[in-house]
>>> print(open('model15.tsv').read())   # TSV, C-alpha atoms
chain	number	residue	atom	x	y	z
C	1	MET	CA	-18.65	49.00	32.28
C	2	LYS	CA	-20.67	45.81	32.59
C	3	GLU	CA	-24.33	45.80	31.72
C	4	LYS	CA	-26.41	43.17	33.50
C	5	VAL	CA	-28.78	41.29	31.25
C	6	ALA	CA	-31.43	38.68	31.86
C	7	GLY	CA	-30.71	34.97	31.73
C	8	GLY	CA	-27.81	34.63	34.15
C	9	SER	CA	-25.33	36.49	31.96
C	10	GLU	CA	-23.74	39.93	31.66
C	11	ARG	CA	-22.56	41.99	28.69
C	12	VAL	CA	-18.96	43.24	28.65
C	13	ARG	CA	-16.69	45.05	26.21
C	14	ILE	CA	-13.85	42.85	24.96
C	15	VAL	CA	-11.11	42.91	22.34
C	16	SER	CA	-11.76	40.23	19.73
C	17	TYR	CA	-9.09	38.92	17.38
C	18	ASP	CA	-9.84	36.52	14.53
C	19	GLY	CA	-6.60	36.64	12.58
C	20	GLY	CA	-7.14	40.09	11.12
C	21	LYS	CA	-7.35	43.39	12.94
C	22	PRO	CA	-8.41	43.37	16.62
C	23	ALA	CA	-11.82	44.89	17.29
C	24	THR	CA	-13.55	46.10	20.43
C	25	VAL	CA	-16.95	44.44	20.60
C	26	SER	CA	-19.73	43.67	23.05
C	27	SER	CA	-19.81	40.09	24.31
C	28	ARG	CA	-22.05	38.17	26.66
C	29	ILE	CA	-20.41	36.20	29.49
C	30	ILE	CA	-21.90	33.92	32.11
C	31	ARG	CA	-22.63	35.50	35.50
C	32	GLU	CA	-21.03	33.93	38.58
C	33	ARG	CA	-22.22	34.74	42.07
C	34	MET	CA	-22.11	33.14	45.50
C	35	VAL	CA	-25.43	32.11	47.02
C	36	GLU	CA	-25.85	30.90	50.59
C	37	ILE	CA	-28.27	28.15	51.52
C	38	VAL	CA	-29.41	28.89	55.06
C	39	LEU	CA	-31.06	25.96	56.81
C	40	ASN	CA	-33.02	26.64	60.01
C	41	ASP	CA	-31.21	29.98	60.48
C	42	ARG	CA	-27.71	28.51	60.03
C	43	VAL	CA	-25.56	28.88	56.93
C	44	LEU	CA	-25.28	25.40	55.48
C	45	ILE	CA	-23.37	26.01	52.26
C	46	SER	CA	-22.30	28.69	49.77
C	47	ILE	CA	-22.64	27.70	46.12
C	48	ALA	CA	-21.18	29.39	43.05
C	49	CYS	CA	-23.93	29.65	40.44
C	50	THR	CA	-25.60	32.01	37.97
C	51	GLY	CA	-28.24	33.03	40.53
C	52	GLN	CA	-31.18	31.51	38.64
C	53	HIS	CA	-33.80	29.00	39.86
C	54	LEU	CA	-32.53	29.34	43.42
C	55	LYS	CA	-35.45	27.61	45.13
C	56	GLU	CA	-34.97	24.61	42.86
C	57	LEU	CA	-31.22	24.64	43.51
C	58	ALA	CA	-31.69	24.71	47.28
C	59	ALA	CA	-34.44	22.08	47.32
C	60	GLY	CA	-32.48	19.78	45.01
C	61	PHE	CA	-29.29	20.15	47.03
C	62	LEU	CA	-31.13	19.29	50.24
C	63	LYS	CA	-32.73	16.31	48.50
C	64	SER	CA	-29.36	15.01	47.31
C	65	GLU	CA	-27.97	15.39	50.84
C	66	GLY	CA	-30.84	13.37	52.32
C	67	VAL	CA	-32.23	16.29	54.35
C	68	VAL	CA	-35.61	16.22	52.59
C	69	GLU	CA	-37.45	13.54	50.65
C	70	LYS	CA	-40.67	15.27	49.60
C	71	LYS	CA	-42.08	18.77	49.22
C	72	GLU	CA	-43.89	18.57	52.57
C	73	ASP	CA	-40.54	18.24	54.36
C	74	ILE	CA	-39.85	21.89	53.50
C	75	LEU	CA	-41.83	24.01	55.95
C	76	ALA	CA	-40.83	27.37	54.42
C	77	MET	CA	-38.47	28.67	51.74
C	78	SER	CA	-37.69	32.19	50.55
C	79	VAL	CA	-35.10	33.94	48.40
C	80	ALA	CA	-33.53	37.19	49.63
C	81	ALA	CA	-34.45	40.31	47.67
C	82	LYS	CA	-31.03	40.52	46.02
C	83	GLY	CA	-30.83	36.78	45.51
C	84	GLY	CA	-27.74	36.19	47.63
C	85	ARG	CA	-29.28	33.63	49.95
C	86	VAL	CA	-32.06	31.08	50.16
C	87	GLU	CA	-33.67	30.61	53.57
C	88	VAL	CA	-35.06	27.12	54.14
C	89	ARG	CA	-36.85	25.78	57.19
C	90	VAL	CA	-37.38	22.09	57.88
C	91	ALA	CA	-38.37	20.16	61.00
C	92	ALA	CA	-35.55	20.13	63.54
C	93	GLY	CA	-35.11	16.39	63.20
C	94	LYS	CA	-34.57	16.66	59.46
C	95	SER	CA	-31.52	18.90	59.82
C	96	ARG	CA	-29.91	16.82	62.55
C	97	GLY	CA	-26.45	15.66	61.47
C	98	ILE	CA	-26.10	17.77	58.33
C	99	PHE	CA	-24.26	20.55	60.15
C	100	GLY	CA	-21.49	18.18	61.12
C	101	ARG	CA	-20.60	17.58	57.47
C	102	ARG	CA	-18.39	20.61	56.87
C	103	ALA	CA	-21.32	22.99	57.12
C	104	GLY	CA	-20.65	26.52	55.96
C	105	ARG	CA	-18.20	25.41	53.27
C	106	THR	CA	-18.03	27.04	49.85
C	107	LEU	CA	-18.69	25.04	46.70
C	108	ALA	CA	-16.95	26.29	43.57
C	109	SER	CA	-18.42	25.99	40.10
C	110	SER	CA	-16.86	22.58	39.46
C	111	GLY	CA	-15.40	19.64	41.34
C	112	ALA	CA	-16.83	17.74	44.31
C	113	ARG	CA	-20.08	19.27	45.49
C	114	GLY	CA	-21.82	17.36	48.21
C	115	MET	CA	-21.38	16.89	51.93
C	116	VAL	CA	-22.37	13.23	52.26
C	117	HIS	CA	-20.25	10.15	51.67
C	118	TYR	CA	-21.59	8.29	48.66
C	119	GLY	CA	-19.15	5.38	48.39
C	120	ASP	CA	-20.83	3.11	50.92
C	121	GLY	CA	-23.78	1.99	48.81
C	122	GLU	CA	-23.87	-1.58	50.10
C	123	ARG	CA	-25.07	-0.33	53.48
C	124	ASP	CA	-27.81	1.87	52.03
C	125	PRO	CA	-31.17	0.04	51.83
C	126	LYS	CA	-32.35	2.47	49.13
C	127	ARG	CA	-29.32	1.99	46.90
C	128	GLY	CA	-30.98	0.07	44.05
C	129	ILE	CA	-32.97	1.77	41.28
C	130	PRO	CA	-35.70	-0.52	39.84
C	131	GLY	CA	-36.55	-0.96	36.13
C	132	GLY	CA	-38.73	2.03	35.32
C	133	VAL	CA	-38.07	2.92	31.69
C	134	VAL	CA	-36.93	1.46	28.35
C	135	LEU	CA	-35.50	3.51	25.47
C	136	THR	CA	-34.48	2.94	21.87
C	137	PRO	CA	-31.22	4.31	20.45
C	138	ARG	CA	-33.25	6.69	18.29
C	139	GLN	CA	-34.97	8.11	21.38
C	140	VAL	CA	-31.60	8.61	23.11
C	141	LEU	CA	-30.19	10.47	20.10
C	142	ARG	CA	-33.30	12.62	19.70
C	143	LEU	CA	-33.30	13.55	23.38
C	144	MET	CA	-29.64	14.58	23.23
C	145	SER	CA	-30.32	16.73	20.16
C	146	ALA	CA	-33.20	18.39	22.02
C	147	LEU	CA	-30.97	18.99	25.05
C	148	LEU	CA	-28.32	20.71	22.94
C	149	ARG	CA	-30.94	22.88	21.26
C	150	SER	CA	-32.24	23.96	24.67
C	151	ALA	CA	-28.80	25.23	25.78
C	152	VAL	CA	-29.44	28.82	24.69
C	153	MET	CA	-27.26	30.34	27.40
C	154	HIS	CA	-24.34	28.18	26.30
C	155	ASP	CA	-24.84	29.35	22.73
C	156	ALA	CA	-24.58	32.95	23.94
C	157	THR	CA	-21.70	32.58	26.42
C	158	ARG	CA	-19.96	29.20	25.86
C	159	GLY	CA	-19.73	29.06	29.64
C	160	THR	CA	-22.50	26.79	30.92
C	161	HIS	CA	-23.56	23.19	31.36
C	162	CYS	CA	-27.09	22.10	30.58
C	163	SER	CA	-29.13	19.22	32.01
C	164	ALA	CA	-32.71	18.13	31.43
C	165	LEU	CA	-35.41	15.96	32.92
C	166	ALA	CA	-37.21	13.95	30.24
C	167	THR	CA	-39.49	11.09	29.35
C	168	PRO	CA	-38.36	8.77	26.54
C	169	GLY	CA	-40.31	10.96	24.13
C	170	ARG	CA	-39.62	14.55	25.19
C	171	ILE	CA	-37.79	16.94	27.47
C	172	ILE	CA	-39.92	18.15	30.37
C	173	VAL	CA	-37.61	20.87	31.68
C	174	SER	CA	-33.99	21.92	31.17
C	175	ARG	CA	-31.66	23.99	33.34
C	176	GLU	CA	-28.33	25.73	32.62
C	177	ASP	CA	-25.67	26.87	35.06
C	178	ILE	CA	-21.92	27.28	35.46
C	179	GLY	CA	-21.78	23.98	37.39
C	180	ARG	CA	-23.08	20.68	36.08
C	181	HIS	CA	-23.87	19.64	39.66
C	182	ASN	CA	-26.08	22.71	40.01
C	183	THR	CA	-28.09	21.81	36.91
C	184	VAL	CA	-28.83	18.35	38.29
C	185	ASP	CA	-29.79	19.77	41.69
C	186	MET	CA	-32.12	22.25	39.97
C	187	LEU	CA	-33.88	19.39	38.18
C	188	GLY	CA	-34.18	17.46	41.44
C	189	GLY	CA	-35.58	20.56	43.13
C	190	HIS	CA	-38.00	21.19	40.27
C	191	ALA	CA	-39.34	17.63	40.52
C	192	LEU	CA	-39.53	17.83	44.32
C	193	LEU	CA	-41.44	21.13	44.36
C	194	LYS	CA	-43.78	20.02	41.55
C	195	GLY	CA	-44.35	16.57	43.03
C	196	LEU	CA	-43.24	14.81	39.84
C	197	PRO	CA	-42.67	11.02	39.96
C	198	LEU	CA	-39.22	10.16	38.63
C	199	SER	CA	-39.04	6.36	38.36
C	200	ASP	CA	-40.04	6.55	34.67
C	201	LYS	CA	-37.88	9.56	33.75
C	202	VAL	CA	-34.33	10.09	32.47
C	203	ILE	CA	-31.69	12.76	33.14
C	204	LEU	CA	-29.68	14.23	30.28
C	205	THR	CA	-26.57	16.33	30.74
C	206	THR	CA	-23.88	17.97	28.66
C	207	GLY	CA	-21.25	17.52	31.37
C	208	ARG	CA	-18.93	14.79	32.52
C	209	VAL	CA	-20.64	12.21	34.76
C	210	SER	CA	-18.79	11.78	38.05
C	211	ALA	CA	-19.65	9.44	40.91
C	212	GLU	CA	-21.27	12.33	42.72
C	213	ILE	CA	-23.54	13.06	39.76
C	214	VAL	CA	-24.59	9.40	39.87
C	215	HIS	CA	-25.22	9.76	43.61
C	216	LYS	CA	-27.44	12.81	43.08
C	217	ILE	CA	-29.46	11.04	40.40
C	218	ARG	CA	-29.77	7.96	42.60
C	219	MET	CA	-31.17	10.15	45.39
C	220	MET	CA	-33.72	11.47	42.88
C	221	GLY	CA	-34.73	7.91	41.98
C	222	VAL	CA	-34.07	8.34	38.24
C	223	PRO	CA	-33.03	5.08	36.49
C	224	VAL	CA	-31.20	6.46	33.41
C	225	ILE	CA	-28.40	9.01	32.89
C	226	ILE	CA	-27.56	10.18	29.36
C	227	SER	CA	-24.51	12.39	28.80
C	228	HIS	CA	-23.02	14.23	25.85
C	229	SER	CA	-19.67	13.73	27.58
C	230	ALA	CA	-17.96	10.76	29.21
C	231	PRO	CA	-18.24	9.23	32.70
C	232	THR	CA	-15.47	8.57	35.19
C	233	SER	CA	-14.51	5.06	36.29
C	234	ARG	CA	-16.10	5.58	39.72
C	235	ALA	CA	-19.32	6.77	38.07
C	236	VAL	CA	-19.49	3.61	35.95
C	237	ALA	CA	-18.85	1.36	38.95
C	238	LEU	CA	-21.43	3.15	41.10
C	239	ALA	CA	-24.07	3.14	38.36
C	240	ALA	CA	-23.53	-0.60	37.88
C	241	GLU	CA	-23.89	-1.19	41.63
C	242	LEU	CA	-27.02	0.95	41.93
C	243	GLY	CA	-28.86	-0.42	38.92
C	244	ILE	CA	-28.65	2.84	36.93
C	245	THR	CA	-28.29	2.80	33.16
C	246	LEU	CA	-25.39	5.07	32.23
C	247	ILE	CA	-25.07	6.21	28.63
C	248	GLY	CA	-22.24	8.52	27.61
C	249	TYR	CA	-20.59	10.16	24.65
C	250	VAL	CA	-23.88	10.59	22.81
C	251	ARG	CA	-22.94	12.46	19.65
C	252	ASN	CA	-22.73	12.08	15.88
C	253	GLY	CA	-25.34	9.34	15.86
C	254	LYS	CA	-23.36	7.18	18.31
C	255	MET	CA	-23.45	6.34	22.01
C	256	ARG	CA	-21.68	4.22	24.58
C	257	VAL	CA	-23.62	2.29	27.23
C	258	TYR	CA	-21.42	1.90	30.29
C	259	ALA	CA	-23.84	0.26	32.75
C	260	HIS	CA	-27.13	-1.66	32.62
C	261	PRO	CA	-27.74	-1.85	28.85
C	262	GLU	CA	-30.91	-3.89	29.45
C	263	ARG	CA	-32.95	-0.66	29.42
C	264	ILE	CA	-31.92	0.00	25.81
C	265	ARG	CA	-33.97	-1.81	23.16
C	266	PHE	CA	-31.46	-2.23	20.33
>>> encode(input="model15.tsv", output="structure tokens")
Amino acid sequence: MKEKVAGGSERVRIVSYDGGKPATVSSRIIRERMVEIVLNDRVLISIACTGQHLKELAAGFLKSEGVVEKKEDILAMSVAAKGGRVEVRVAAGKSRGIFGRRAGRTLASSGARGMVHYGDGERDPKRGIPGGVVLTPRQVLRLMSALLRSAVMHDATRGTHCSALATPGRIIVSREDIGRHNTVDMLGGHALLKGLPLSDKVILTTGRVSAEIVHKIRMMGVPVIISHSAPTSRAVALAAELGITLIGYVRNGKMRVYAHPERIRF
């Protein structure tokens, strides 16, 4: 039988084989559950996640979809007792249009996440991200090392992504989840609910950077993305168009700058 444990994971009995005799042992695995975001009494979306930081996840998702821009746009928000849904209320005008974008759909733990079209940046007056922050290669490497150290759930389960919001000198907050999109939304929601300015911050992530990840970070107003993994071609093109510095494959003392290297002081 499974034993639920804190931290978005569960303990199960498994058979482990390491080349010798098989052994029955206890192992921790990542929890996956479906959580509904209910906007103004209508189910907007169902998201696969660990069930942690649900207010941040909901607020960040709504921010990335353009439903809210600041904390005051959220009139009320509550999490159901068993954590299966987040109820959010915004002014009627704020939710107008969002329910025509495949509302009620289910988002799995990976793949495309959002409901808006993000490939039409040239018609968006807010598309560009101004200067904001400058980093050295040493700072980039140190931040990535700190991100990897913060991924305690991944160390226990090998089943999560981790992302963090940081200044050039330190990580402010990190979040882990089964979906890399969720971790970025959680950071956006954290900043929104705390009223944190983001034009001088950076986002770090362990996961692949897709165009939609770039879109989410653009909606947050963060000028730099740093990834342990690699970006896609669409992510590089979109970051270049939007003025976002995109750094990938940060590991073993090396990095690759795919867009806007002017923010890196070599």
>>> atom_distance(input="model15.tsv", atom1="CA of Leu148 (chain C)", atom2="CA of His53 (chain C)")
19.6 Å
>>> residues_around(input="model15.tsv", residues="Ile244 (chain C)", least_positions_apart="3", cutoff="7 Å", atoms="all atoms listed in the file", output="count of residues only")
7
>>> closest_residue(input="model15.tsv", among="C:Ile74, C:Val68, C:Met144, C:Met34", to="Gly248 (chain C)", atoms="all atoms listed in the file")
C:Met144
>>> residues_around(input="model15.tsv", residues="region 77-84 of chain C", least_positions_apart="2", cutoff="8 Å", atoms="only C-alpha atoms", output="list in words")
Arg33, Met34, Val35, Glu36, Gly51, Leu54, Lys55, Ile74, Leu75, Val86, Glu87, Val88 and Arg89 of chain C
>>> write_last_selection(input="model15.tsv", atoms="C-alpha atoms", output="PDB file, keeping the file's coordinate frame")
ATOM      1  CA  ARG C  33     -22.220  34.740  42.070  1.00  0.00           C
ATOM      2  CA  MET C  34     -22.110  33.140  45.500  1.00  0.00           C
ATOM      3  CA  VAL C  35     -25.430  32.110  47.020  1.00  0.00           C
ATOM      4  CA  GLU C  36     -25.850  30.900  50.590  1.00  0.00           C
ATOM      5  CA  GLY C  51     -28.240  33.030  40.530  1.00  0.00           C
ATOM      6  CA  LEU C  54     -32.530  29.340  43.420  1.00  0.00           C
ATOM      7  CA  LYS C  55     -35.450  27.610  45.130  1.00  0.00           C
ATOM      8  CA  ILE C  74     -39.850  21.890  53.500  1.00  0.00           C
ATOM      9  CA  LEU C  75     -41.830  24.010  55.950  1.00  0.00           C
ATOM     10  CA  VAL C  86     -32.060  31.080  50.160  1.00  0.00           C
ATOM     11  CA  GLU C  87     -33.670  30.610  53.570  1.00  0.00           C
ATOM     12  CA  VAL C  88     -35.060  27.120  54.140  1.00  0.00           C
ATOM     13  CA  ARG C  89     -36.850  25.780  57.190  1.00  0.00           C
TER      14      ARG C  89
END
>>> closest_residue(input="model15.tsv", among="C:Val250, C:Val222, C:Leu193, C:Leu44", to="Lys70 (chain C)", atoms="only C-alpha atoms")
C:Leu193
>>> closest_residue(input="model15.tsv", among="C:Ala92, C:Ala156, C:Leu246, C:Ala58", to="Ile30 (chain C)", atoms="all atoms listed in the file")
C:Ala156
>>> atom_distance(input="model15.tsv", atom1="CA of Ala151 (chain C)", atom2="CA of Phe61 (chain C)")
21.9 Å
>>> closest_residue(input="model15.tsv", among="C:Thr183, C:Thr157, C:Thr167, C:Asn252", to="Ser26 (chain C)", atoms="all atoms listed in the file")
C:Thr157
>>> residues_around(input="model15.tsv", residues="Pro197 (chain C)", least_positions_apart="3", cutoff="12 Å", atoms="all atoms listed in the file", output="VMD selection string")
chain C and resid 70 132 165 to 167 188 190 to 194 200 to 202 220 to 223
>>> residues_around(input="model15.tsv", residues="Ile29 (chain C)", least_positions_apart="6", cutoff="9 Å", atoms="all atoms listed in the file", output="ChimeraX atom specification")
/C:8-12,156-159
>>> closest_residue(input="model15.tsv", among="C:Val38, C:Ala211, C:Leu62, C:Leu141", to="Asp185 (chain C)", atoms="all atoms listed in the file")
C:Leu62
>>> residues_around(input="model15.tsv", residues="Leu187 (chain C)", least_positions_apart="4", cutoff="9 Å", atoms="all atoms listed in the file", output="number ranges by chain")
C: 56-57, 60, 163-165, 173-175, 182-183, 191-192, 203
>>> atom_distance(input="model15.tsv", atom1="CA of Ala59 (chain C)", atom2="CA of Pro168 (chain C)")
25.0 Å
>>> axis_aligned_box(input="model15.tsv", around="region 159-162 of chain C", padding_each_side="8 Å", output="AutoDock Vina command-line options")
--center_x -23.4 --center_y 25.6 --center_z 30.5 --size_x 23.4 --size_y 23.0 --size_z 17.7
>>> closest_residue(input="model15.tsv", among="C:Val67, C:Val236, C:Ile226, C:Leu242", to="Val140 (chain C)", atoms="all atoms listed in the file")
C:Ile226
>>> decode(input="model15.tsv", residues="region 163-260 of chain C", atoms="C-alpha atoms", output="short mmCIF file (atom, residue, chain, number, x, y, z; two decimals), in the first residue's frame")
data_model
loop_
_atom_site.label_atom_id
_atom_site.label_comp_id
_atom_site.auth_asym_id
_atom_site.auth_seq_id
_atom_site.Cartn_x
_atom_site.Cartn_y
_atom_site.Cartn_z
CA SER C 163 12.79 26.47 -11.52
CA ALA C 164 13.82 29.49 -9.49
CA LEU C 165 13.41 33.25 -9.37
CA ALA C 166 16.72 34.98 -8.63
CA THR C 167 18.75 38.14 -8.58
CA PRO C 168 22.26 37.99 -10.09
CA GLY C 169 23.57 37.19 -6.62
CA ARG C 170 21.10 34.72 -5.11
CA ILE C 171 18.01 32.60 -5.53
CA ILE C 172 14.91 34.20 -4.03
CA VAL C 173 12.55 31.23 -4.30
CA SER C 174 12.51 27.86 -6.08
CA ARG C 175 9.64 25.57 -7.02
CA GLU C 176 9.51 21.90 -8.08
CA ASP C 177 6.77 20.06 -9.94
CA ILE C 178 6.17 17.29 -12.47
CA GLY C 179 5.78 19.92 -15.22
CA ARG C 180 8.37 22.56 -16.04
CA HIS C 181 5.55 24.88 -17.14
CA ASN C 182 4.00 24.55 -13.69
CA THR C 183 7.23 25.58 -11.96
CA VAL C 184 7.42 28.76 -14.04
CA ASP C 185 3.75 29.56 -13.39
CA MET C 186 4.34 29.06 -9.65
CA LEU C 187 7.18 31.58 -9.73
CA GLY C 188 5.02 34.04 -11.66
CA GLY C 189 2.22 33.54 -9.14
CA HIS C 190 4.61 33.95 -6.21
CA ALA C 191 5.88 37.25 -7.60
CA LEU C 192 2.34 38.43 -8.40
CA LEU C 193 0.97 37.64 -4.93
CA LYS C 194 4.03 39.12 -3.18
CA GLY C 195 4.12 42.22 -5.40
CA LEU C 196 7.73 41.59 -6.43
CA PRO C 197 9.19 43.68 -9.29
CA LEU C 198 10.69 41.42 -11.95
CA SER C 199 12.51 43.66 -14.44
CA ASP C 200 15.80 43.10 -12.57
CA LYS C 201 15.36 39.36 -11.94
CA VAL C 202 16.24 36.14 -13.78
CA ILE C 203 14.48 32.78 -14.14
CA LEU C 204 16.43 29.55 -13.85
CA THR C 205 15.09 26.16 -14.84
CA THR C 206 16.26 22.58 -15.14
CA GLY C 207 13.93 21.87 -18.06
CA ARG C 208 13.98 22.37 -21.80
CA VAL C 209 13.04 25.92 -22.85
CA SER C 210 10.19 25.91 -25.36
CA ALA C 211 8.58 28.90 -27.05
CA GLU C 212 5.76 28.73 -24.54
CA ILE C 213 8.19 28.93 -21.63
CA VAL C 214 9.62 32.07 -23.25
CA HIS C 215 6.08 33.43 -23.61
CA LYS C 216 5.34 32.84 -19.92
CA ILE C 217 8.55 34.57 -18.86
CA ARG C 218 7.83 37.46 -21.22
CA MET C 219 4.41 37.88 -19.59
CA MET C 220 6.19 38.03 -16.23
CA GLY C 221 8.50 40.76 -17.54
CA VAL C 222 11.72 38.87 -16.69
CA PRO C 223 14.64 39.71 -19.04
CA VAL C 224 16.84 36.59 -18.60
CA ILE C 225 16.21 32.83 -18.83
CA ILE C 226 18.92 30.40 -17.70
CA SER C 227 18.46 26.67 -18.30
CA HIS C 228 20.35 23.52 -17.37
CA SER C 229 18.92 22.04 -20.57
CA ALA C 230 18.64 23.27 -24.15
CA PRO C 231 16.10 25.53 -25.90
CA THR C 232 14.07 24.79 -29.00
CA SER C 233 14.51 26.72 -32.24
CA ARG C 234 11.20 28.55 -31.73
CA ALA C 235 12.25 29.53 -28.20
CA VAL C 236 15.50 31.04 -29.52
CA ALA C 237 13.69 32.96 -32.25
CA LEU C 238 11.04 34.27 -29.86
CA ALA C 239 13.59 35.28 -27.21
CA ALA C 240 15.56 37.17 -29.86
CA GLU C 241 12.40 38.95 -31.02
CA LEU C 242 11.29 39.85 -27.50
CA GLY C 243 14.63 41.09 -26.22
CA ILE C 244 15.09 38.23 -23.74
CA THR C 245 18.53 36.85 -22.97
CA LEU C 246 18.38 33.07 -23.32
CA ILE C 247 21.18 30.99 -21.81
CA GLY C 248 21.10 27.22 -22.08
CA TYR C 249 23.09 24.09 -21.39
CA VAL C 250 24.64 25.55 -18.24
CA ARG C 251 26.72 22.71 -16.84
CA ASN C 252 30.30 21.64 -16.18
CA GLY C 253 31.50 25.23 -16.07
CA LYS C 254 30.14 26.00 -19.54
CA MET C 255 27.12 27.74 -21.05
CA ARG C 256 25.63 28.67 -24.40
CA VAL C 257 24.05 32.08 -24.98
CA TYR C 258 21.39 31.74 -27.66
CA ALA C 259 19.88 35.25 -27.66
CA HIS C 260 20.85 38.75 -26.50
#
